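> Quick one: this structure, given as structure tokens, is what I'll be asking you about.
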Amino acid sequence: MVDVVVVGAGFAGMYALHTFRRQGLSVQVIEAGSDVGGTWYWNRYPGARCDVPSLEYSFGFSESLEQDWSWPEVFSAQPEILKYANHIADRFDLRRDIKFNSRVVEVRYDETNNKWRLRTESGETFSAKYCVMATGCLSVPNKPELPGAEQFGGLELHTGLWPKDEPDLSGLKVGIVGTGSSGVQAIPELAKMCGELTVFQRTPVYTVPANRKAMRTAVEQEFKDNYRDIRARQQDNQGGVSNFRPVKSVPKNAGLSVEQPYRANEIKPLTPAARRSQLEQKGLGEILNFRDVYTDTEANEIANDLFRDFVREMVADPEVAERLLPKDYGLGCKRQVLDRDYYATFNRDNVTLVDVRDTPIQQITTNGVQTTSQHFDLDALIYATGFDAMTGALLKSDIHGRGDRTLNEKWQYGPQAYLGLQMEGFPNLFTVTGPGSPSVLCNMLVAIEQHVNWISEAINYVESSGLRTMEPTEAAELDWVAHVNSVAEGTMYTAPSCNSWYLGANIPNKPRIFMPYVGGYPQYRERCEAIVANAYEGFQFT
Ligand code: NA7
């Protein structure tokens with residue numbers, strides 16, 4: 001028996017363990033993997049990389065950690081981020097309270113004793129007054145049910161469950177299904193390492209070249225010298241990123257200083273011709289700086305057209321180029337994908353693009369993929385087909401609340417939670433970066449720190465007030481869900497043509513609800529703070 005049981009040892013679970021320990025609570029973390037790292041433990045496919053600059057995608061709770069750690073690249077790859085996670089586990093001696101190789105299969109509230117009782121796959125049980133689900137937003141891989149999939153005799157892989165021992169794909173005929181972030185990151189690397197690569201694409205993607213810069217010592221030092229200011233700026237930025245621009249990284253005479261935000265988010269009411277000329281000068285990535293693209297349908301269409309023109313120029317075979325063009329949805333609907341040589345990869349002789357909308361996959365055979373037009377012989381088949389995002393891991397944990405009501409019953413029409421932190425009927429159970437919080441629309445490490453700190457304070461409040469339970473009222477929860485929906489309405493994210501994992505649209509029969517909070521991290525944080533200041537408005541206690 002411990003005070004708090006935490007499910008998951010990714011960044012959220014690790015920081016929760018460290019924080020709860022510091023406040024004098026006994027903590028047990030349960031983790032399905034054999035080590036820490038969460039997303040960065042499982043997603044070790046070639047090319048995996050974070051889309052937030054590493055100096056920002058890092059914890060701010062320890063000044064010495066900030067000063068000691070060095071990142072090799074501006075946007076570091078998965079192995080470096082996993083090293084950072086391991087360093088944190090070592091530095092704060094976390095592993096002694098983490099039970100690895102243990103997947104939680106049941107989380108049940110014992111009303112009589114006010115305890116959460118958790119059971120793992122192997123039958124081990126744990127109990128605690130508080131249960132914190134730090135199970136991640138992208139942690140349940142989605143593998144589509146393709147007919148015949150079970151009979152494939154070659155090597156089958158999923159980007160979200162990549163093996164620790166790097167599979168040797170050299171000389172092999174490899175197929176990959178999916179062209180979201182994972183597919184787009186993996187495809188250029190796979191093309192270099194395997195014999196032949198066949199890409200099965202259902203929806204073409206809008207992807208722009210990523211920043212590939214190595215970290216410069218002077219830039220890193222400037223960050224380290226300004227970290228307190230940077231962390232403060234993160235708290236006031238919509239996406240939890242400071243946009244701090246080191247003087248040392250700015251070309252001479254560029255007229256920027258530390259005081260000016262990196263790529264100001266001002267609206268640029270430019271003509272199509274002016275936009276084209278700007279992209280020609282600065283590269284396709286500049287398209288993300290036309291901020292009206294995200295709010296104005298006409299600007300969005302202009303940008304989509306320009307994007308397609310640029311792809312046509314990058315891909316040698318006009319037919320292949322045409323297949324790579326997203327046409328039925330706009331920029332800003334899905335999470336922006338960043339790539340390294342994605343389009344150029346389709347100019348390689350060993351890469352074939354199959355549009356499975358034109359020629360659908362009929363079935364997976366023992367030795368490949370049969371589409372309506374031909375059979376593709378394959379030695380390996382890779383699923384880059386995403387995740388049951390945001391709610392998947394919570395629903396899979398089989399959570400039973402008061403009166404034995406399950407979370408699956410409560411959420412049958414979509415997630416209903418207060419602030420993405422707690423659910424009515426599930427007293428003393430907290431979710432880190434749950435649905436209805438900024439989570440995936442924010443720098444995750446900033447979102448995690450804010451949530452864990454909030455939960456820590458809430459537990460402290462319950463304990464120091466001699467209370468038994470804490471949970472939201474149903475009215476507060478419904479108001480919050482209505483607010484989350486209303487701020488998402490009218491954005492590109494929820495356009496009728498948009499089918500993203502943010503909306504659950506990638507999972508058959510999942511309710512179509514925009515799950516993260518799009519109102520901005522600072523607004524959200526202030527709301528959380530105001531609720532605490534107002535005697536935990538919207539929460540009920542026993
Ligand atoms: P995504 O973004 O959900 O992409 C999954 C891809 O897999 C996408 O291209 C899907 O096409 C495709 N997919 C899924 N099911 C099928 C079937 N049945 N047939 C063909 N193609 C299919 O997941 P990622 O892992 O790439 O990225 C998730 C997040 O991780 C990313 O946004 C970053 O935040 C990190 P579709 O678009 O559904 O037609």
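Each chain in the structure tokens gets a letter, A, B and so on, in the order shown; residues start at 1 in every chain, and ligands are counted from 1 in the order they appear.
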Grab me every residue within 9 Å of ligand 1, counting only C-alpha atoms and all ligand atoms, and send it over as an MDAnalysis selection string.
chainID A and resid 43 49:51 138 141:146 159:160 177:185 200:205 334:337 356:357 360:361 383:389 440:441 499:502 505:507
> Show which residues sit within 8 Å of stretch 82-99 of chain A, as a VMD selection string. Count only C-alpha atoms, and ignore same-chain residues fewer than 5 positions away.
chain A and resid 9 to 11 14 17 to 18 27 to 31 36 to 37 40 to 41 69
> Write the residues of the preceding selection, restricted to N, CA, C and O atoms, as a short mmCIF file (atom, residue, chain, number, x, y, z; two decimals), in the first residue's frame.

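To be explicit, this is the file written out as out-v1.cif:
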data_model
loop_
_atom_site.label_atom_id
_atom_site.label_comp_id
_atom_site.auth_asym_id
_atom_site.auth_seq_id
_atom_site.Cartn_x
_atom_site.Cartn_y
_atom_site.Cartn_z
N ALA A 9 5.67 5.37 -16.92
CA ALA A 9 6.97 5.95 -16.54
C ALA A 9 7.59 6.68 -17.72
O ALA A 9 8.79 6.59 -17.98
N GLY A 10 6.72 7.40 -18.44
CA GLY A 10 7.23 8.35 -19.43
C GLY A 10 7.60 9.63 -18.68
O GLY A 10 7.74 9.63 -17.45
N PHE A 11 7.73 10.73 -19.39
CA PHE A 11 8.11 11.97 -18.72
C PHE A 11 7.09 12.35 -17.64
O PHE A 11 7.45 12.85 -16.57
N MET A 14 7.49 9.96 -14.57
CA MET A 14 8.76 10.22 -13.88
C MET A 14 8.69 11.50 -13.06
O MET A 14 9.11 11.55 -11.91
N LEU A 17 6.47 10.99 -10.02
CA LEU A 17 7.16 10.25 -8.95
C LEU A 17 8.08 11.20 -8.17
O LEU A 17 8.05 11.25 -6.93
N HIS A 18 8.88 11.95 -8.90
CA HIS A 18 9.82 12.87 -8.26
C HIS A 18 9.07 13.90 -7.39
O HIS A 18 9.45 14.16 -6.25
N VAL A 27 5.18 6.42 -3.14
CA VAL A 27 4.72 6.34 -4.54
C VAL A 27 5.15 5.01 -5.16
O VAL A 27 6.27 4.56 -4.95
N GLN A 28 4.26 4.43 -5.93
CA GLN A 28 4.62 3.28 -6.75
C GLN A 28 4.24 3.59 -8.19
O GLN A 28 3.09 3.94 -8.47
N VAL A 29 5.21 3.47 -9.08
CA VAL A 29 4.93 3.65 -10.51
C VAL A 29 4.87 2.28 -11.17
O VAL A 29 5.68 1.40 -10.84
N ILE A 30 3.92 2.10 -12.06
CA ILE A 30 3.80 0.82 -12.79
C ILE A 30 3.96 1.12 -14.28
O ILE A 30 3.30 2.02 -14.82
N GLU A 31 4.85 0.40 -14.92
CA GLU A 31 5.18 0.70 -16.33
C GLU A 31 5.20 -0.59 -17.16
O GLU A 31 5.80 -1.59 -16.77
N VAL A 36 12.26 3.37 -18.63
CA VAL A 36 11.55 4.65 -18.67
C VAL A 36 11.52 5.21 -20.10
O VAL A 36 12.22 4.73 -20.98
N GLY A 37 10.73 6.28 -20.29
CA GLY A 37 10.78 7.01 -21.56
C GLY A 37 9.45 7.11 -22.29
O GLY A 37 9.29 7.97 -23.15
N TRP A 40 9.04 7.86 -26.06
CA TRP A 40 10.40 7.80 -26.61
C TRP A 40 11.05 6.45 -26.37
O TRP A 40 12.10 6.14 -26.90
N TYR A 41 10.43 5.65 -25.55
CA TYR A 41 10.86 4.26 -25.35
C TYR A 41 10.30 3.40 -26.48
O TYR A 41 11.00 2.58 -27.05
N TRP A 69 22.66 19.31 -18.76
CA TRP A 69 22.34 18.50 -19.95
C TRP A 69 22.69 19.24 -21.24
O TRP A 69 22.47 20.45 -21.35
#
> Identify, with DSSP run on backbone atoms, the residues in stretch 444-491 of chain A assigned to helix (DSSP H, G or I), and express the list as a VMD selection string.
chain A and resid 444 to 464 474 to 488
> Mind pulling up the distance from atom CA of A:Gly136 to atom CA of A:Gly13?
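Computed distance, atom CA of A:Gly13 to atom CA of A:Gly136, equals 9.1 Å.
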> Under the rule that only C-alpha atoms are counted, which of A:Lys510, A:Leu407, A:Arg44, A:Ala303 is the nearest residue to A:Gln278?
A:Ala303
> Check the smallest atom-to-atom distance from each of A:Asn485, A:Thr135, A:Ser456, A:Gln23 to A:Gly519 using only C-alpha atoms, then report the winner.
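Residue with the minimum atom-to-atom distance to A:Gly519: A:Asn485.
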> Pick out the residues sitting within 10 Å of A:Arg468, and hand them over as a ChimeraX atom specification; count only C-alpha atoms, and ignore anything fewer than 5 positions along from it in its own chain.
/A:114,129,427-428,462-463,541-542
> For the residues in the current selection, export N, CA, C and O atoms as a PDB file, in the first residue's frame.

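See result.pdb below for the written result:
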ATOM      1  N   ASN A 114     -11.991   3.528   0.311  1.00  0.00           N
ATOM      2  CA  ASN A 114     -11.448   4.691  -0.400  1.00  0.00           C
ATOM      3  C   ASN A 114     -10.043   4.413  -0.932  1.00  0.00           C
ATOM      4  O   ASN A 114      -9.094   5.145  -0.663  1.00  0.00           O
ATOM      5  N   LYS A 129      -4.410   5.440  -2.092  1.00  0.00           N
ATOM      6  CA  LYS A 129      -5.531   6.379  -1.960  1.00  0.00           C
ATOM      7  C   LYS A 129      -5.714   7.183  -3.254  1.00  0.00           C
ATOM      8  O   LYS A 129      -6.827   7.514  -3.639  1.00  0.00           O
ATOM      9  N   PRO A 427     -13.295   9.358  -7.880  1.00  0.00           N
ATOM     10  CA  PRO A 427     -12.646  10.199  -6.867  1.00  0.00           C
ATOM     11  C   PRO A 427     -11.177   9.858  -6.668  1.00  0.00           C
ATOM     12  O   PRO A 427     -10.800   8.684  -6.679  1.00  0.00           O
ATOM     13  N   ASN A 428     -10.378  10.895  -6.510  1.00  0.00           N
ATOM     14  CA  ASN A 428      -8.931  10.753  -6.245  1.00  0.00           C
ATOM     15  C   ASN A 428      -8.166  10.122  -7.399  1.00  0.00           C
ATOM     16  O   ASN A 428      -7.026   9.693  -7.219  1.00  0.00           O
ATOM     17  N   VAL A 462      -6.111  18.085  -0.106  1.00  0.00           N
ATOM     18  CA  VAL A 462      -6.983  17.046   0.453  1.00  0.00           C
ATOM     19  C   VAL A 462      -6.385  16.524   1.767  1.00  0.00           C
ATOM     20  O   VAL A 462      -7.070  16.426   2.787  1.00  0.00           O
ATOM     21  N   GLU A 463      -5.095  16.258   1.725  1.00  0.00           N
ATOM     22  CA  GLU A 463      -4.440  15.697   2.914  1.00  0.00           C
ATOM     23  C   GLU A 463      -4.422  16.697   4.067  1.00  0.00           C
ATOM     24  O   GLU A 463      -4.778  16.356   5.192  1.00  0.00           O
ATOM     25  N   PHE A 541     -15.828  17.550  -2.456  1.00  0.00           N
ATOM     26  CA  PHE A 541     -14.955  16.792  -1.535  1.00  0.00           C
ATOM     27  C   PHE A 541     -15.805  16.040  -0.520  1.00  0.00           C
ATOM     28  O   PHE A 541     -16.908  16.461  -0.197  1.00  0.00           O
ATOM     29  N   THR A 542     -15.267  14.939  -0.039  1.00  0.00           N
ATOM     30  CA  THR A 542     -15.911  14.326   1.137  1.00  0.00           C
ATOM     31  C   THR A 542     -14.840  14.259   2.223  1.00  0.00           C
ATOM     32  O   THR A 542     -13.646  14.223   1.916  1.00  0.00           O
TER      33      THR A 542
END
> If we count only C-alpha atoms, what is near A:Tyr461 at a cut-off of 12 Å, once residues fewer than 2 positions away on the same chain are taken out, given as an mmCIF file with N, CA, C and O atoms, in the first residue's frame?

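After the write, out_23.cif holds the following:
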data_model
loop_
_atom_site.group_PDB
_atom_site.id
_atom_site.type_symbol
_atom_site.label_atom_id
_atom_site.label_comp_id
_atom_site.auth_asym_id
_atom_site.auth_seq_id
_atom_site.Cartn_x
_atom_site.Cartn_y
_atom_site.Cartn_z
ATOM 1 N N GLN A 23 7.093 15.708 -1.796
ATOM 2 C CA GLN A 23 6.108 16.214 -0.842
ATOM 3 C C GLN A 23 5.850 15.197 0.274
ATOM 4 O O GLN A 23 4.911 15.361 1.056
ATOM 5 N N ASN A 428 -10.378 10.895 -6.510
ATOM 6 C CA ASN A 428 -8.931 10.753 -6.245
ATOM 7 C C ASN A 428 -8.166 10.122 -7.399
ATOM 8 O O ASN A 428 -7.026 9.693 -7.219
ATOM 9 N N TRP A 454 -0.079 20.776 -10.378
ATOM 10 C CA TRP A 454 -1.462 21.029 -9.962
ATOM 11 C C TRP A 454 -1.990 19.849 -9.134
ATOM 12 O O TRP A 454 -2.607 20.029 -8.082
ATOM 13 N N ILE A 455 -1.727 18.644 -9.620
ATOM 14 C CA ILE A 455 -2.211 17.440 -8.917
ATOM 15 C C ILE A 455 -1.547 17.350 -7.537
ATOM 16 O O ILE A 455 -2.194 17.040 -6.533
ATOM 17 N N SER A 456 -0.257 17.644 -7.508
ATOM 18 C CA SER A 456 0.481 17.595 -6.251
ATOM 19 C C SER A 456 -0.140 18.556 -5.227
ATOM 20 O O SER A 456 -0.357 18.210 -4.057
ATOM 21 N N GLU A 457 -0.470 19.744 -5.706
ATOM 22 C CA GLU A 457 -1.082 20.749 -4.819
ATOM 23 C C GLU A 457 -2.474 20.284 -4.368
ATOM 24 O O GLU A 457 -2.854 20.475 -3.204
ATOM 25 N N ALA A 458 -3.201 19.652 -5.295
ATOM 26 C CA ALA A 458 -4.554 19.180 -4.955
ATOM 27 C C ALA A 458 -4.486 18.082 -3.890
ATOM 28 O O ALA A 458 -5.260 18.090 -2.922
ATOM 29 N N ILE A 459 -3.542 17.161 -4.046
ATOM 30 C CA ILE A 459 -3.396 16.083 -3.054
ATOM 31 C C ILE A 459 -3.015 16.694 -1.711
ATOM 32 O O ILE A 459 -3.545 16.316 -0.656
ATOM 33 N N GLU A 463 -5.095 16.258 1.725
ATOM 34 C CA GLU A 463 -4.440 15.697 2.914
ATOM 35 C C GLU A 463 -4.422 16.697 4.067
ATOM 36 O O GLU A 463 -4.778 16.356 5.192
ATOM 37 N N SER A 464 -4.029 17.927 3.767
ATOM 38 C CA SER A 464 -3.878 18.885 4.868
ATOM 39 C C SER A 464 -5.235 19.333 5.412
ATOM 40 O O SER A 464 -5.326 19.831 6.528
ATOM 41 N N SER A 465 -6.308 19.141 4.627
ATOM 42 C CA SER A 465 -7.633 19.526 5.120
ATOM 43 C C SER A 465 -8.345 18.340 5.769
ATOM 44 O O SER A 465 -9.520 18.457 6.128
ATOM 45 N N GLY A 466 -7.656 17.220 5.843
ATOM 46 C CA GLY A 466 -8.267 16.038 6.466
ATOM 47 C C GLY A 466 -9.426 15.486 5.654
ATOM 48 O O GLY A 466 -10.373 14.919 6.200
ATOM 49 N N LEU A 467 -9.374 15.672 4.331
ATOM 50 C CA LEU A 467 -10.474 15.213 3.482
ATOM 51 C C LEU A 467 -10.227 13.783 3.008
ATOM 52 O O LEU A 467 -9.108 13.275 3.068
ATOM 53 N N ARG A 468 -11.310 13.187 2.512
ATOM 54 C CA ARG A 468 -11.235 11.808 2.057
ATOM 55 C C ARG A 468 -11.127 11.730 0.533
ATOM 56 O O ARG A 468 -10.237 11.077 0.008
ATOM 57 N N THR A 469 -12.015 12.428 -0.140
ATOM 58 C CA THR A 469 -12.016 12.325 -1.610
ATOM 59 C C THR A 469 -12.159 13.684 -2.282
ATOM 60 O O THR A 469 -12.687 14.627 -1.697
ATOM 61 N N MET A 470 -11.737 13.699 -3.542
ATOM 62 C CA MET A 470 -11.864 14.893 -4.390
ATOM 63 C C MET A 470 -12.274 14.437 -5.785
ATOM 64 O O MET A 470 -11.720 13.462 -6.299
ATOM 65 N N VAL A 532 -8.263 26.954 -8.275
ATOM 66 C CA VAL A 532 -7.659 26.664 -6.969
ATOM 67 C C VAL A 532 -7.880 27.853 -6.032
ATOM 68 O O VAL A 532 -8.316 27.692 -4.887
ATOM 69 N N ALA A 533 -7.619 29.055 -6.552
ATOM 70 C CA ALA A 533 -7.765 30.258 -5.718
ATOM 71 C C ALA A 533 -9.204 30.420 -5.245
ATOM 72 O O ALA A 533 -9.465 31.004 -4.197
ATOM 73 N N ALA A 535 -11.217 28.270 -4.050
ATOM 74 C CA ALA A 535 -11.558 27.102 -3.215
ATOM 75 C C ALA A 535 -11.943 25.890 -4.069
ATOM 76 O O ALA A 535 -12.940 25.233 -3.820
ATOM 77 N N TYR A 536 -11.166 25.623 -5.067
ATOM 78 C CA TYR A 536 -11.395 24.466 -5.944
ATOM 79 C C TYR A 536 -12.818 24.453 -6.517
ATOM 80 O O TYR A 536 -13.542 23.462 -6.424
ATOM 81 N N PHE A 541 -15.828 17.550 -2.456
ATOM 82 C CA PHE A 541 -14.955 16.792 -1.535
ATOM 83 C C PHE A 541 -15.805 16.040 -0.520
ATOM 84 O O PHE A 541 -16.908 16.461 -0.197
#
> Pick from A:Pro522, A:Pro496, A:Gly436, A:Pro46: nearest to A:Val484, with only C-alpha atoms counted?
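Answer, going by the shortest atom-to-atom distance: A:Gly436.
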> Taking the chain letters and numbering used in this document, name the residues of stretch 168-313 of chain A that DSSP puts in strand (DSSP E), as a PyMOL selection string.
chain A and resi 173-177+196-201+207-209
> Taking 3 positions as the minimum chain separation for residues in the same chain, which residues sit within 10 Å of A:Leu394 when counting only C-alpha atoms? Answer as a compact mmCIF listing (two decimals) with all heavy atoms, in the first residue's frame.

# COMPACT_ATOMS: atom_id res chain seq x y z
N VAL A 107 -8.19 -1.05 -13.17
CA VAL A 107 -8.05 0.01 -12.17
C VAL A 107 -9.43 0.15 -11.53
O VAL A 107 -10.39 0.53 -12.19
CB VAL A 107 -7.64 1.34 -12.85
CG1 VAL A 107 -7.50 2.46 -11.82
CG2 VAL A 107 -6.35 1.18 -13.65
N MET A 133 -3.03 8.63 -13.58
CA MET A 133 -2.85 7.98 -14.87
C MET A 133 -1.93 8.88 -15.71
O MET A 133 -2.33 9.92 -16.21
CB MET A 133 -4.19 7.79 -15.57
CG MET A 133 -5.19 6.92 -14.80
SD MET A 133 -4.64 5.21 -14.51
CE MET A 133 -4.71 4.51 -16.14
N ALA A 134 -0.68 8.44 -15.85
CA ALA A 134 0.31 9.17 -16.65
C ALA A 134 0.60 8.32 -17.88
O ALA A 134 1.73 7.97 -18.17
CB ALA A 134 1.56 9.41 -15.83
N THR A 135 -0.49 7.97 -18.57
CA THR A 135 -0.41 6.94 -19.61
C THR A 135 -0.17 7.49 -21.01
O THR A 135 -0.17 6.72 -21.97
CB THR A 135 -1.72 6.10 -19.58
OG1 THR A 135 -2.82 6.99 -19.39
CG2 THR A 135 -1.72 5.11 -18.45
N GLY A 136 0.02 8.81 -21.12
CA GLY A 136 0.41 9.36 -22.42
C GLY A 136 -0.75 9.56 -23.37
O GLY A 136 -1.82 8.95 -23.23
N CYS A 137 -0.52 10.44 -24.34
CA CYS A 137 -1.58 10.77 -25.31
C CYS A 137 -1.48 9.93 -26.57
O CYS A 137 -2.44 9.78 -27.31
CB CYS A 137 -1.48 12.24 -25.69
SG CYS A 137 -1.78 13.33 -24.30
N SER A 139 -0.05 6.51 -26.98
CA SER A 139 0.62 5.33 -26.42
C SER A 139 -0.06 4.02 -26.76
O SER A 139 0.45 2.97 -26.42
CB SER A 139 0.76 5.49 -24.90
OG SER A 139 -0.48 5.88 -24.35
N VAL A 140 -1.21 4.10 -27.42
CA VAL A 140 -1.86 2.85 -27.85
C VAL A 140 -1.79 2.80 -29.37
O VAL A 140 -2.53 3.50 -30.07
CB VAL A 140 -3.33 2.78 -27.37
CG1 VAL A 140 -4.02 1.54 -27.92
CG2 VAL A 140 -3.37 2.78 -25.85
N ALA A 389 -5.48 7.92 -30.00
CA ALA A 389 -4.89 9.04 -29.26
C ALA A 389 -5.75 9.52 -28.10
O ALA A 389 -6.98 9.46 -28.14
CB ALA A 389 -4.65 10.20 -30.22
N MET A 390 -5.11 10.02 -27.09
CA MET A 390 -5.66 10.77 -25.96
C MET A 390 -6.56 9.97 -25.02
O MET A 390 -6.43 10.08 -23.81
CB MET A 390 -6.40 12.02 -26.45
CG MET A 390 -5.47 12.88 -27.28
SD MET A 390 -5.78 14.61 -27.24
CE MET A 390 -5.62 15.03 -25.53
N THR A 391 -7.51 9.22 -25.59
CA THR A 391 -8.39 8.45 -24.70
C THR A 391 -8.02 6.97 -24.69
O THR A 391 -8.43 6.23 -23.78
CB THR A 391 -9.87 8.56 -25.16
OG1 THR A 391 -9.93 8.17 -26.55
CG2 THR A 391 -10.39 9.96 -25.02
N SER A 397 -7.36 0.77 -19.94
CA SER A 397 -6.94 0.39 -18.58
C SER A 397 -8.09 -0.17 -17.75
O SER A 397 -7.90 -0.51 -16.59
CB SER A 397 -6.33 1.59 -17.86
OG SER A 397 -5.23 2.06 -18.57
N ASP A 398 -9.29 -0.21 -18.33
CA ASP A 398 -10.45 -0.79 -17.66
C ASP A 398 -10.67 -0.16 -16.27
O ASP A 398 -10.56 -0.83 -15.23
CB ASP A 398 -10.28 -2.32 -17.55
CG ASP A 398 -11.59 -3.00 -17.14
OD1 ASP A 398 -12.64 -2.37 -17.29
OD2 ASP A 398 -11.53 -4.15 -16.65
N ILE A 399 -10.98 1.12 -16.30
CA ILE A 399 -11.14 1.88 -15.05
C ILE A 399 -12.59 1.80 -14.56
O ILE A 399 -13.52 2.12 -15.31
CB ILE A 399 -10.72 3.35 -15.26
CG1 ILE A 399 -9.29 3.42 -15.83
CG2 ILE A 399 -10.83 4.13 -13.95
CD1 ILE A 399 -8.78 4.81 -16.13
N LEU A 407 -15.16 3.81 -16.97
CA LEU A 407 -14.87 5.01 -17.76
C LEU A 407 -15.39 4.82 -19.18
O LEU A 407 -15.86 5.77 -19.81
CB LEU A 407 -13.35 5.28 -17.76
CG LEU A 407 -12.94 6.62 -18.35
CD1 LEU A 407 -13.49 7.78 -17.52
CD2 LEU A 407 -11.42 6.74 -18.45
N ASN A 408 -15.34 3.59 -19.67
CA ASN A 408 -15.86 3.32 -21.03
C ASN A 408 -17.35 3.67 -21.12
O ASN A 408 -17.81 4.22 -22.12
CB ASN A 408 -15.65 1.85 -21.40
CG ASN A 408 -14.17 1.53 -21.51
OD1 ASN A 408 -13.42 1.76 -20.56
ND2 ASN A 408 -13.73 1.08 -22.66
N THR A 431 -5.74 12.45 -14.19
CA THR A 431 -5.11 12.13 -15.48
C THR A 431 -4.11 13.26 -15.80
O THR A 431 -4.43 14.44 -15.64
CB THR A 431 -6.14 12.03 -16.61
OG1 THR A 431 -6.93 13.22 -16.64
CG2 THR A 431 -7.06 10.83 -16.42
N GLY A 434 -4.79 14.87 -19.79
CA GLY A 434 -5.99 14.18 -20.26
C GLY A 434 -6.77 15.00 -21.28
O GLY A 434 -6.46 16.18 -21.53
